[in-house]
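For reference, coords_9.cif (mmCIF, C-alpha atoms):
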data_protein
#
loop_
_atom_site.label_atom_id
_atom_site.label_comp_id
_atom_site.auth_asym_id
_atom_site.auth_seq_id
_atom_site.Cartn_x
_atom_site.Cartn_y
_atom_site.Cartn_z
CA MET A 1 48.44 -93.54 23.73
CA THR A 2 44.86 -93.29 24.99
CA PRO A 3 41.85 -93.93 22.75
CA GLU A 4 41.13 -90.19 22.79
CA ALA A 5 44.69 -89.35 21.72
CA LEU A 6 44.55 -91.90 18.91
CA MET A 7 41.21 -90.56 17.70
CA ARG A 8 42.54 -87.02 17.86
CA ARG A 9 45.38 -88.09 15.61
CA ALA A 10 42.80 -89.54 13.18
CA LEU A 11 40.97 -86.20 13.20
CA GLU A 12 44.24 -84.38 12.47
CA LEU A 13 44.85 -86.67 9.53
CA ALA A 14 41.35 -86.13 8.19
CA GLU A 15 41.95 -82.37 8.07
CA ARG A 16 44.58 -82.89 5.38
CA GLY A 17 41.80 -83.63 2.93
CA ARG A 18 39.82 -80.45 3.60
CA GLY A 19 38.46 -78.94 0.42
CA LEU A 20 39.46 -81.97 -1.66
CA THR A 21 37.14 -84.87 -0.80
CA SER A 22 33.67 -83.60 -1.72
CA PRO A 23 31.10 -85.05 -2.19
CA ASN A 24 32.59 -87.35 0.41
CA PRO A 25 33.35 -86.53 4.06
CA LEU A 26 36.70 -85.90 5.67
CA VAL A 27 37.95 -89.17 7.16
CA GLY A 28 41.13 -90.11 8.98
CA ALA A 29 42.17 -93.50 10.29
CA VAL A 30 44.83 -94.91 12.64
CA VAL A 31 45.80 -98.53 13.22
CA ALA A 32 47.14 -99.07 16.74
CA HIS A 33 48.56 -102.10 18.51
CA ASN A 34 48.78 -101.90 22.30
CA GLY A 35 48.29 -98.15 22.08
CA GLU A 36 51.11 -97.61 19.56
CA ILE A 37 50.42 -96.41 16.01
CA VAL A 38 51.45 -98.93 13.36
CA GLY A 39 49.66 -97.38 10.39
CA GLU A 40 47.68 -94.28 9.51
CA GLY A 41 46.02 -92.56 6.57
CA PHE A 42 43.33 -90.19 5.38
CA HIS A 43 40.92 -89.84 2.48
CA GLU A 44 42.69 -87.57 0.00
CA ARG A 45 40.14 -87.11 -2.77
CA ALA A 46 36.89 -88.43 -4.20
CA GLY A 47 37.64 -91.58 -6.15
CA GLY A 48 40.80 -92.26 -4.13
CA PRO A 49 41.19 -94.96 -1.48
CA HIS A 50 39.33 -94.62 1.79
CA ALA A 51 41.24 -93.61 4.90
CA GLU A 52 40.82 -97.08 6.37
CA ILE A 53 42.42 -98.75 3.35
CA VAL A 54 45.38 -96.36 3.39
CA ALA A 55 45.95 -97.00 7.09
CA LEU A 56 45.66 -100.76 6.72
CA GLU A 57 48.12 -100.80 3.84
CA ALA A 58 50.56 -98.74 5.90
CA ALA A 59 50.23 -101.18 8.81
CA GLY A 60 50.60 -104.28 6.69
CA ALA A 61 50.94 -107.46 8.77
CA ARG A 62 50.96 -105.39 11.96
CA ALA A 63 47.23 -104.79 11.50
CA ARG A 64 46.46 -108.34 12.64
CA GLY A 65 45.06 -108.21 16.17
CA ALA A 66 45.17 -104.38 16.17
CA THR A 67 42.51 -101.70 16.70
CA LEU A 68 41.36 -99.38 13.93
CA TYR A 69 40.45 -95.83 14.96
CA VAL A 70 38.41 -94.02 12.32
CA THR A 71 36.59 -90.67 12.41
CA LEU A 72 33.49 -91.97 10.62
CA GLU A 73 31.90 -95.40 10.54
CA PRO A 74 33.47 -97.69 7.90
CA CYS A 75 31.37 -98.29 4.80
CA ASN A 76 29.86 -101.60 3.79
CA HIS A 77 28.85 -100.92 0.20
CA ALA A 78 30.55 -100.30 -3.13
CA GLY A 79 30.57 -96.86 -4.70
CA ARG A 80 33.46 -95.50 -6.74
CA THR A 81 35.65 -97.71 -4.55
CA PRO A 82 35.11 -101.08 -2.84
CA PRO A 83 33.63 -101.24 0.67
CA CYS A 84 35.95 -101.05 3.67
CA VAL A 85 34.37 -103.69 5.93
CA PRO A 86 35.73 -106.75 4.04
CA ALA A 87 39.22 -105.22 3.94
CA ILE A 88 39.13 -104.49 7.68
CA PHE A 89 38.13 -108.07 8.44
CA ALA A 90 40.68 -109.50 6.02
CA ALA A 91 43.47 -107.45 7.60
CA GLY A 92 42.80 -109.12 10.96
CA ILE A 93 41.56 -106.06 12.82
CA THR A 94 39.85 -107.21 16.01
CA ARG A 95 38.39 -103.91 17.21
CA VAL A 96 37.10 -100.77 15.49
CA VAL A 97 36.61 -97.46 17.28
CA ALA A 98 34.51 -94.98 15.26
CA ALA A 99 34.03 -91.38 16.34
CA ALA A 100 30.68 -90.79 14.63
CA ALA A 101 27.89 -92.63 12.89
CA ASP A 102 27.20 -91.81 9.28
CA PRO A 103 24.18 -89.50 8.98
CA ASN A 104 23.05 -90.66 5.56
CA PRO A 105 19.58 -92.24 5.99
CA PHE A 106 19.47 -93.52 2.41
CA VAL A 107 22.43 -95.89 2.47
CA SER A 108 21.55 -99.48 3.30
CA GLY A 109 23.82 -101.83 5.18
CA GLY A 110 25.48 -100.73 8.41
CA GLY A 111 29.25 -100.98 8.59
CA ALA A 112 29.19 -101.48 12.35
CA VAL A 113 26.57 -104.21 12.11
CA ALA A 114 28.53 -106.01 9.41
CA LEU A 115 31.73 -105.83 11.44
CA ARG A 116 30.02 -107.16 14.56
CA ASP A 117 28.53 -109.99 12.50
CA LYS A 118 32.10 -110.95 11.59
CA GLY A 119 33.16 -110.93 15.23
CA VAL A 120 34.90 -107.55 15.21
CA ALA A 121 34.24 -105.46 18.33
CA VAL A 122 32.90 -101.99 17.55
CA VAL A 123 32.96 -98.95 19.85
CA THR A 124 31.43 -95.60 18.85
CA GLY A 125 31.26 -92.06 20.20
CA VAL A 126 34.93 -91.32 20.99
CA LEU A 127 35.33 -87.57 20.28
CA GLU A 128 31.99 -87.65 18.47
CA GLY A 129 31.42 -83.92 18.91
CA GLU A 130 34.75 -83.05 17.32
CA ALA A 131 34.09 -85.45 14.45
CA ALA A 132 30.63 -84.01 13.82
CA ALA A 133 32.02 -80.46 13.81
CA GLN A 134 34.75 -81.45 11.40
CA ASN A 135 32.18 -82.88 8.99
CA ARG A 136 29.38 -80.38 9.61
CA VAL A 137 29.02 -79.90 5.85
CA PHE A 138 28.61 -83.59 5.10
CA PHE A 139 26.30 -84.16 8.04
CA THR A 140 24.00 -81.30 7.02
CA ALA A 141 23.95 -82.41 3.40
CA MET A 142 23.03 -85.98 4.29
CA ARG A 143 20.44 -84.96 6.87
CA GLU A 144 18.75 -82.18 4.90
CA ARG A 145 19.35 -83.55 1.38
CA ARG A 146 20.62 -80.13 0.33
CA PRO A 147 23.99 -78.41 0.51
CA HIS A 148 25.30 -76.91 3.73
CA VAL A 149 25.05 -73.12 3.34
CA THR A 150 27.49 -70.61 4.80
CA LEU A 151 26.64 -66.92 4.53
CA LYS A 152 29.86 -64.93 4.19
CA ALA A 153 30.11 -61.13 4.27
CA GLY A 154 32.63 -58.36 4.72
CA MET A 155 31.19 -55.41 6.61
CA THR A 156 32.04 -52.33 8.64
CA ALA A 157 31.72 -52.25 12.41
CA ASP A 158 28.27 -50.68 11.97
CA GLY A 159 27.08 -53.49 9.69
CA LYS A 160 27.42 -51.84 6.27
CA ILE A 161 28.59 -53.78 3.22
CA ALA A 162 28.92 -50.69 1.00
CA ASP A 163 28.74 -46.92 1.34
CA VAL A 164 25.80 -44.71 0.32
CA HIS A 165 27.13 -44.66 -3.27
CA GLY A 166 27.36 -48.46 -3.45
CA ALA A 167 31.15 -48.62 -3.24
CA ALA A 168 32.35 -51.78 -1.46
CA ARG A 169 36.00 -52.26 -2.53
CA TRP A 170 37.74 -52.75 -0.28
CA ILE A 171 36.01 -52.73 3.08
CA THR A 172 38.19 -55.48 4.51
CA GLY A 173 41.95 -55.82 4.25
CA GLU A 174 44.25 -58.07 2.28
CA ALA A 175 44.53 -60.72 5.00
CA ALA A 176 40.74 -61.01 5.20
CA ARG A 177 40.50 -61.38 1.44
CA ALA A 178 43.09 -64.16 1.52
CA GLU A 179 41.07 -65.93 4.23
CA ALA A 180 37.93 -65.54 2.11
CA HIS A 181 39.66 -67.33 -0.76
CA ARG A 182 40.63 -70.13 1.62
CA GLN A 183 36.95 -70.45 2.50
CA ARG A 184 36.08 -70.59 -1.18
CA SER A 185 38.54 -73.43 -1.65
CA GLU A 186 36.59 -75.56 0.82
CA VAL A 187 33.19 -75.33 -0.89
CA ASP A 188 31.63 -76.72 -4.04
CA ALA A 189 29.71 -73.62 -5.12
CA ILE A 190 29.94 -69.85 -4.60
CA VAL A 191 26.66 -67.95 -4.95
CA ALA A 192 26.06 -64.27 -5.71
CA GLY A 193 23.18 -62.16 -6.99
CA VAL A 194 23.10 -60.59 -10.43
CA THR A 195 23.30 -57.05 -9.05
CA THR A 196 26.65 -57.90 -7.48
CA VAL A 197 27.77 -59.22 -10.87
CA LEU A 198 26.57 -56.09 -12.67
CA ARG A 199 28.10 -53.74 -10.13
CA ASP A 200 31.42 -55.41 -9.24
CA ASP A 201 32.01 -57.97 -12.03
CA PRO A 202 33.50 -60.51 -9.58
CA ALA A 203 35.24 -63.65 -10.82
CA LEU A 204 34.10 -65.78 -7.84
CA THR A 205 37.16 -67.98 -8.34
CA VAL A 206 39.60 -69.48 -5.84
CA ARG A 207 42.83 -67.50 -5.81
CA LEU A 208 45.41 -68.86 -3.38
CA GLY A 209 49.18 -68.76 -3.27
CA ARG A 210 49.25 -72.09 -5.08
CA PRO A 211 47.13 -73.67 -7.83
CA TRP A 212 43.95 -75.20 -6.47
CA PRO A 213 42.90 -78.54 -8.02
CA ARG A 214 39.14 -78.07 -7.63
CA GLU A 215 37.02 -75.41 -9.34
CA PRO A 216 33.82 -74.63 -7.42
CA TRP A 217 30.65 -73.81 -9.31
CA ARG A 218 30.14 -70.06 -9.73
CA VAL A 219 26.41 -69.50 -9.35
CA VAL A 220 24.53 -66.31 -10.20
CA LEU A 221 20.93 -65.79 -9.07
CA ASP A 222 19.56 -63.96 -12.11
CA THR A 223 15.79 -64.03 -12.59
CA ASP A 224 15.80 -62.16 -15.91
CA ALA A 225 19.10 -63.45 -17.35
CA ARG A 226 20.83 -60.07 -17.10
CA THR A 227 24.34 -61.45 -16.60
CA PRO A 228 26.62 -60.05 -19.33
CA VAL A 229 28.08 -62.70 -21.62
CA ARG A 230 31.56 -61.26 -21.01
CA ALA A 231 31.19 -61.16 -17.22
CA GLN A 232 34.18 -62.42 -15.23
CA VAL A 233 31.98 -64.98 -13.53
CA ILE A 234 31.87 -66.75 -16.91
CA ALA A 235 35.13 -65.74 -18.54
CA ALA A 236 37.59 -65.84 -15.63
CA ALA A 237 37.69 -69.64 -15.45
CA THR A 238 36.02 -72.65 -17.08
CA PRO A 239 32.79 -71.21 -18.56
CA SER A 240 30.88 -74.44 -17.98
CA ARG A 241 31.48 -74.10 -14.23
CA ALA A 242 29.38 -70.92 -14.26
CA LEU A 243 25.74 -71.70 -13.51
CA ILE A 244 23.22 -68.94 -14.17
CA ALA A 245 20.01 -69.58 -12.22
CA VAL A 246 17.26 -67.82 -14.19
CA GLY A 247 13.51 -67.61 -13.86
CA GLU A 248 11.34 -69.88 -15.93
CA THR A 249 10.20 -66.91 -18.04
CA ALA A 250 13.64 -65.36 -18.58
CA PRO A 251 14.03 -63.87 -22.09
CA ALA A 252 15.00 -66.65 -24.49
CA ALA A 253 17.50 -64.50 -26.39
CA ARG A 254 19.44 -63.67 -23.23
CA VAL A 255 19.42 -67.30 -22.15
CA ALA A 256 20.72 -68.39 -25.56
CA ALA A 257 23.49 -65.78 -25.44
CA LEU A 258 24.67 -66.99 -22.04
CA GLN A 259 24.63 -70.58 -23.23
CA SER A 260 26.64 -69.59 -26.31
CA ALA A 261 29.21 -68.04 -23.96
CA GLY A 262 29.62 -71.47 -22.36
CA ALA A 263 27.65 -70.95 -19.16
CA VAL A 264 25.18 -73.49 -17.81
CA VAL A 265 21.75 -71.84 -17.66
CA VAL A 266 19.10 -73.52 -15.52
CA PRO A 267 15.50 -72.25 -15.19
CA PHE A 268 13.90 -72.25 -11.74
CA PRO A 269 10.52 -71.36 -10.24
CA VAL A 270 10.08 -67.71 -9.33
CA ARG A 271 8.50 -66.59 -6.05
CA GLU A 272 7.63 -62.96 -5.53
CA GLY A 273 9.72 -62.07 -8.55
CA ARG A 274 12.80 -63.94 -7.36
CA VAL A 275 14.48 -67.23 -8.15
CA ALA A 276 13.52 -69.77 -5.46
CA VAL A 277 16.68 -70.50 -3.49
CA ASP A 278 15.47 -73.85 -2.18
CA ALA A 279 15.03 -75.05 -5.77
CA VAL A 280 18.52 -73.82 -6.63
CA LEU A 281 19.99 -75.69 -3.67
CA ALA A 282 18.13 -78.86 -4.67
CA ALA A 283 19.57 -78.65 -8.17
CA LEU A 284 23.07 -78.06 -6.81
CA PHE A 285 22.72 -81.06 -4.50
CA GLU A 286 21.92 -83.22 -7.55
CA ARG A 287 25.21 -81.97 -9.02
CA GLU A 288 27.04 -83.33 -5.95
CA VAL A 289 27.38 -79.90 -4.37
CA ARG A 290 27.64 -80.39 -0.62
CA ALA A 291 28.90 -76.97 0.52
CA VAL A 292 27.73 -73.55 -0.68
CA LEU A 293 29.24 -70.16 0.17
CA VAL A 294 26.79 -67.28 -0.30
CA GLU A 295 28.55 -64.04 -1.16
CA GLY A 296 25.58 -61.93 -2.16
CA GLY A 297 24.43 -58.55 -1.01
CA GLY A 298 21.94 -57.80 1.73
CA GLU A 299 18.88 -58.88 -0.26
CA VAL A 300 20.36 -62.23 -1.27
CA HIS A 301 21.44 -62.79 2.32
CA ALA A 302 17.93 -62.00 3.52
CA SER A 303 16.35 -64.39 1.04
CA PHE A 304 18.52 -67.31 2.14
CA LEU A 305 17.81 -66.52 5.78
CA GLU A 306 14.07 -66.23 5.13
CA ALA A 307 14.15 -69.58 3.33
CA GLY A 308 15.62 -71.14 6.48
CA VAL A 309 18.59 -72.67 4.67
CA VAL A 310 21.56 -70.83 6.21
CA ASP A 311 23.57 -73.13 8.46
CA ARG A 312 26.56 -70.98 9.34
CA VAL A 313 27.70 -67.37 9.10
CA THR A 314 31.22 -65.99 8.69
CA LEU A 315 31.46 -62.23 9.06
CA PHE A 316 34.59 -60.20 8.40
CA VAL A 317 34.28 -57.00 10.42
CA ALA A 318 36.46 -54.07 9.39
CA PRO A 319 37.44 -51.29 11.85
CA LEU A 320 35.36 -48.75 9.93
CA LEU A 321 32.15 -46.78 10.50
CA LEU A 322 30.18 -45.65 7.46
CA GLY A 323 26.69 -44.75 8.62
CA GLY A 324 24.11 -43.60 6.09
CA ARG A 325 20.41 -44.42 6.01
CA THR A 326 20.65 -45.78 2.48
CA ALA A 327 23.98 -47.59 2.83
CA PRO A 328 23.24 -51.31 2.39
CA ALA A 329 23.44 -53.53 5.44
CA VAL A 330 24.68 -57.09 5.67
CA VAL A 331 21.07 -58.36 5.81
CA GLY A 332 18.33 -56.56 3.90
CA GLY A 333 14.76 -57.61 3.31
CA ALA A 334 11.76 -56.58 5.35
CA GLY A 335 13.48 -57.37 8.64
CA ARG A 336 12.23 -59.21 11.70
CA ASP A 337 10.99 -58.24 15.10
CA LEU A 338 13.20 -59.14 18.01
CA LYS A 339 11.26 -62.20 19.12
CA SER A 340 11.62 -63.86 15.70
CA ALA A 341 15.29 -63.01 15.21
CA ILE A 342 17.44 -65.76 13.75
CA ARG A 343 19.68 -66.83 16.57
CA LEU A 344 23.30 -67.87 16.35
CA GLY A 345 25.13 -70.37 18.48
CA SER A 346 28.37 -69.77 20.33
CA MET A 347 30.44 -67.31 18.33
CA THR A 348 34.16 -67.50 17.78
CA ALA A 349 36.20 -64.42 16.92
CA ARG A 350 39.77 -64.03 15.78
CA ALA A 351 41.84 -61.30 14.23
CA VAL A 352 42.61 -61.56 10.52
CA GLY A 353 44.99 -58.75 9.78
CA ASP A 354 43.29 -55.55 10.91
CA ASP A 355 39.84 -57.15 10.66
CA LEU A 356 37.88 -59.46 12.93
CA LEU A 357 36.43 -62.76 11.72
CA ILE A 358 33.28 -63.84 13.57
CA GLU A 359 31.90 -67.33 12.93
CA ALA A 360 28.82 -69.09 14.31
CA ASP A 361 26.30 -71.78 13.44
CA VAL A 362 22.63 -70.92 13.01
CA LEU A 363 20.64 -72.41 15.86
CA ARG A 364 17.88 -74.90 15.00
CA ASP A 365 14.68 -75.76 16.78
CA ALA A 366 13.57 -79.26 17.79
CA ASN A 367 12.53 -79.94 14.19
CA GLY A 368 15.92 -78.96 12.83
CA CYS A 369 14.68 -75.60 11.49
CA PRO A 370 15.69 -72.03 12.29
CA PRO A 371 13.06 -70.08 14.21
CA ASP A 372 10.19 -68.75 12.09
CA ARG A 373 11.03 -70.62 8.91
CA ARG A 374 9.11 -68.77 6.20
CA GLY A 375 10.44 -69.98 2.86
CA GLY A 376 11.14 -67.64 -0.03
CA GLY A 377 13.36 -66.91 -2.96
CA ALA A 378 16.52 -65.02 -3.76
CA ASP A 379 16.19 -61.31 -4.40
CA VAL A 380 18.37 -60.96 -7.45
CA ALA A 381 16.76 -57.81 -8.79
CA ALA A 382 17.50 -55.53 -5.84
CA ASP A 383 20.65 -56.98 -4.33
CA HIS A 384 22.97 -54.38 -2.84
CA ALA A 385 25.74 -56.09 -2.37
CA SER A 386 27.73 -87.02 22.67
CA PRO A 387 24.54 -89.10 22.26
CA ASP A 388 23.66 -89.45 18.60
CA ARG A 389 21.02 -86.78 18.08
CA ARG A 390 20.31 -88.15 14.61
CA GLY A 391 18.20 -90.96 15.97
CA GLY A 392 20.46 -93.67 17.37
CA GLY A 393 20.18 -97.29 16.38
CA ALA A 394 22.56 -99.21 14.16
CA LEU A 395 25.21 -97.17 12.46
CA ARG A 396 24.77 -96.55 8.75
CA SER A 397 27.51 -96.60 6.18
CA ARG A 398 28.55 -93.50 4.28
CA PRO A 399 27.95 -93.18 0.56
CA GLY A 400 30.66 -94.52 -1.68
CA GLY A 401 32.44 -92.66 -4.40
CA LYS A 402 35.58 -91.60 -2.64
#
As a first step, turn the structure in this file into structure tokens.
Amino acid sequence: MTPEALMRRALELAERGRGLTSPNPLVGAVVAHNGEIVGEGFHERAGGPHAEIVALEAAGARARGATLYVTLEPCNHAGRTPPCVPAIFAAGITRVVAAAADPNPFVSGGGAVALRDKGVAVVTGVLEGEAAAQNRVFFTAMRERRPHVTLKAGMTADGKIADVHGAARWITGEAARAEAHRQRSEVDAIVAGVTTVLRDDPALTVRLGRPWPREPWRVVLDTDARTPVRAQVIAAATPSRALIAVGETAPAARVAALQSAGAVVVPFPVREGRVAVDAVLAALFEREVRAVLVEGGGEVHASFLEAGVVDRVTLFVAPLLLGGRTAPAVVGGAGRDLKSAIRLGSMTARAVGDDLLIEADVLRDANGCPPDRRGGGADVAADHASPDRRGGGALRSRPGGK
């Protein structure tokens, strides 16, 4: 097998951990001798063994003199688990091929440097683009020191997320809703505005055809602490996984009632009458949240876009036309003129039942920001539903804790 084919196999293995490894990246590894696979593995969950260790154990004595293909640079520090570099050297691996460098600028000690110091040959950049796309969440979180944010919406073909009366169930079909739950299963937090909670009483839980082992945070942007204590966002699953983001001057009695119901209530700065979304994201990052799915209405969507923190959009488009001047659109707010529009990268589209799923990354400028980054907060009161571009140099090791 060619180096590209072996790395592609490692990427396939890494995918088996999707939705289960956070706050760690997806990683797959293959041990090959003379182009033939003698051991393979992937990182299954945080706290579990690294992909490299699993692959080396599978290879056993056949690892001596072999090449290790891994989708992300091996680590050289101890976190929840021991570092991989000593185990790679001890197994007798003579060559390591890593698809991508680790983007974390705060971890000292490069795995590649340590391996080279021990006489192990290191090659990087094989299928780097595919590896970076696979771990876009982890890369964004390490680079920006905040969670990767995906804005998800279900809308009609004319961009409406509800009709003129506010009715939104169900714009999209059953297959699209199932896909939306799959997307929820891959993130660490699901965010909605309080008006969505008051209007629809969503649970914001992961509901798949099988039990899901991880429970994402359910986050409500609620400046004045208006979330009902019996709301599904609190009661439908573990109450302590519901985080109510309130303003610093939210009524104390309402805050106390929500806390008594078991929810986590966190005060945040308020800007223009709205909870500051960048502060919310910072707090979530400290709670090891690496991926956020925003399921708000048009005003919440606008606030995240205005804050410049949306990294990707996923839009479910139903074959419907609603019209209506007052029917809420997928993005509200004051709007932008054409020259300052937020631009999306290459879009992919596929049918999901009778609906169309469109996905794209938000384009960034040379400074890593969307065009016209303005800052701002979440409108929770009126919500209606290749070469290493990270800087080159020695590779850095990924944070421990797998």
Could you check how far atom CA of A:Val38 sits from atom CA of A:Pro103, in Å to one decimal?
->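 Rounded to one decimal, the two atoms are 29.2 Å apart.
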Determine the nearest neighbour of A:Phe316 from the options A:Val187, A:Ala242, A:Ala351, A:Val96, counting all atoms listed in the file.
-> A:Ala351
First collect every listed atom of stretch 305-322 of chain A; then fit an axis-aligned box around them, widen it by 5 Å on each side, and give centre and edge lengths in Å to one decimal, as JSON.
{"center_x": 25.8, "center_y": -59.4, "center_z": 7.6, "size_x": 33.4, "size_y": 37.5, "size_z": 18.5}
Identify the residues around (31.4, -97.3, 20.6) within a radius of 9 Å, measuring from only C-alpha atoms in the coordinates stated by the file, and give them as a ChimeraX atom specification.
-> /A:96-100,121-126
Could you spell out the hits of the PyMOL selection byres ((chain A and resi 324) around 10) on the shown file, as a PDB file with C-alpha atoms, in the frame of the given file?
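Result written to selection.pdb:
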ATOM      1  CA  LYS A 160      27.420 -51.840   6.270  1.00  0.00           C
ATOM      2  CA  ALA A 162      28.920 -50.690   1.000  1.00  0.00           C
ATOM      3  CA  ASP A 163      28.740 -46.920   1.340  1.00  0.00           C
ATOM      4  CA  VAL A 164      25.800 -44.710   0.320  1.00  0.00           C
ATOM      5  CA  HIS A 165      27.130 -44.660  -3.270  1.00  0.00           C
ATOM      6  CA  LEU A 321      32.150 -46.780  10.500  1.00  0.00           C
ATOM      7  CA  LEU A 322      30.180 -45.650   7.460  1.00  0.00           C
ATOM      8  CA  GLY A 323      26.690 -44.750   8.620  1.00  0.00           C
ATOM      9  CA  ARG A 325      20.410 -44.420   6.010  1.00  0.00           C
ATOM     10  CA  THR A 326      20.650 -45.780   2.480  1.00  0.00           C
ATOM     11  CA  ALA A 327      23.980 -47.590   2.830  1.00  0.00           C
ATOM     12  CA  PRO A 328      23.240 -51.310   2.390  1.00  0.00           C
ATOM     13  CA  ALA A 329      23.440 -53.530   5.440  1.00  0.00           C
TER      14      ALA A 329
END
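For the file at hand, the PyMOL selection byres ((chain A and resi 264) around 7) resolves to Ser240, Ala242, Leu243, Ile244, Gln259, Gly262, Ala263, Val265 and Val266 of chain A.
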Do a neighbour search on A:His301 at 9 Å with all atoms listed in the file, toss out local chain neighbours closer than 2 positions, and write the hits as a VMD selection string.
-> chain A and resid 151 to 152 294 to 299 303 to 306 310 330 to 333 378 to 379 383
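Interatomic distance, atom CA of A:Arg143 against atom CA of A:Phe285: 12.2 Å.
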Evaluate the PyMOL selection byres ((chain A and resi 66) around 7) and record the selected residues as a ChimeraX atom specification, following the chain and residue labels used in the document.
-> /A:31-33,63-65,67-68,93-95
Selection file, C-alpha atoms, as a compact mmCIF listing (two decimals), keeping the file's coordinate frame:
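Contents of out38.txt, freshly written:
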# COMPACT_ATOMS: atom_id res chain seq x y z
CA VAL A 31 45.80 -98.53 13.22
CA ALA A 32 47.14 -99.07 16.74
CA HIS A 33 48.56 -102.10 18.51
CA ALA A 63 47.23 -104.79 11.50
CA ARG A 64 46.46 -108.34 12.64
CA GLY A 65 45.06 -108.21 16.17
CA THR A 67 42.51 -101.70 16.70
CA LEU A 68 41.36 -99.38 13.93
CA ILE A 93 41.56 -106.06 12.82
CA THR A 94 39.85 -107.21 16.01
CA ARG A 95 38.39 -103.91 17.21
Distance in Å - atom CA of A:Pro267 versus atom CA of A:Val280 |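 Interatomic distance here is 9.2 Å.
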Quick one: everything within 10 Å of A:Pro216, counting only C-alpha atoms, minus sequence neighbours fewer than 3 positions away in the same chain. Send it as an MDAnalysis selection string.
-> chainID A and resid 184:190 204:206 213 219 241:242 289 291:293
Mind writing the picked residues with C-alpha atoms as a PDB file, in the frame of the given file?
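File part-v1.pdb, as written:
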ATOM      1  CA  ARG A 184      36.080 -70.590  -1.180  1.00  0.00           C
ATOM      2  CA  SER A 185      38.540 -73.430  -1.650  1.00  0.00           C
ATOM      3  CA  GLU A 186      36.590 -75.560   0.820  1.00  0.00           C
ATOM      4  CA  VAL A 187      33.190 -75.330  -0.890  1.00  0.00           C
ATOM      5  CA  ASP A 188      31.630 -76.720  -4.040  1.00  0.00           C
ATOM      6  CA  ALA A 189      29.710 -73.620  -5.120  1.00  0.00           C
ATOM      7  CA  ILE A 190      29.940 -69.850  -4.600  1.00  0.00           C
ATOM      8  CA  LEU A 204      34.100 -65.780  -7.840  1.00  0.00           C
ATOM      9  CA  THR A 205      37.160 -67.980  -8.340  1.00  0.00           C
ATOM     10  CA  VAL A 206      39.600 -69.480  -5.840  1.00  0.00           C
ATOM     11  CA  PRO A 213      42.900 -78.540  -8.020  1.00  0.00           C
ATOM     12  CA  VAL A 219      26.410 -69.500  -9.350  1.00  0.00           C
ATOM     13  CA  ARG A 241      31.480 -74.100 -14.230  1.00  0.00           C
ATOM     14  CA  ALA A 242      29.380 -70.920 -14.260  1.00  0.00           C
ATOM     15  CA  VAL A 289      27.380 -79.900  -4.370  1.00  0.00           C
ATOM     16  CA  ALA A 291      28.900 -76.970   0.520  1.00  0.00           C
ATOM     17  CA  VAL A 292      27.730 -73.550  -0.680  1.00  0.00           C
ATOM     18  CA  LEU A 293      29.240 -70.160   0.170  1.00  0.00           C
TER      19      LEU A 293
END
Given all atoms listed in the file as the counted atoms, nearest of A:Thr238, A:Thr71, A:Thr314, A:Ser260 to A:Asn135 |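 Closest candidate: A:Thr71.
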Leaving out A:Asp278 and any residue of its chain fewer than 6 positions from it, which residues lie within 12 Å of it when counting only C-alpha atoms, given as a CSV table (one decimal) with C-alpha atoms, in the frame of the given file?
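Saved file result_32.csv follows:
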chain,number,residue,atom,x,y,z
A,144,GLU,CA,18.8,-82.2,4.9
A,145,ARG,CA,19.4,-83.6,1.4
A,146,ARG,CA,20.6,-80.1,0.3
A,147,PRO,CA,24.0,-78.4,0.5
A,148,HIS,CA,25.3,-76.9,3.7
A,149,VAL,CA,25.0,-73.1,3.3
A,221,LEU,CA,20.9,-65.8,-9.1
A,245,ALA,CA,20.0,-69.6,-12.2
A,268,PHE,CA,13.9,-72.2,-11.7
A,269,PRO,CA,10.5,-71.4,-10.2
A,270,VAL,CA,10.1,-67.7,-9.3
A,271,ARG,CA,8.5,-66.6,-6.0
A,284,LEU,CA,23.1,-78.1,-6.8
A,285,PHE,CA,22.7,-81.1,-4.5
A,303,SER,CA,16.4,-64.4,1.0
A,304,PHE,CA,18.5,-67.3,2.1
A,305,LEU,CA,17.8,-66.5,5.8
A,306,GLU,CA,14.1,-66.2,5.1
A,307,ALA,CA,14.2,-69.6,3.3
A,308,GLY,CA,15.6,-71.1,6.5
A,309,VAL,CA,18.6,-72.7,4.7
A,310,VAL,CA,21.6,-70.8,6.2
A,374,ARG,CA,9.1,-68.8,6.2
A,375,GLY,CA,10.4,-70.0,2.9
A,376,GLY,CA,11.1,-67.6,0.0
A,377,GLY,CA,13.4,-66.9,-3.0
A,378,ALA,CA,16.5,-65.0,-3.8
Closest of A:Arg116, A:Arg177, A:His50, A:His43 to A:Gly353 - atom-to-atom distances counting all atoms listed in the file =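 That would be A:Arg177, the residue with the smallest distance to A:Gly353.
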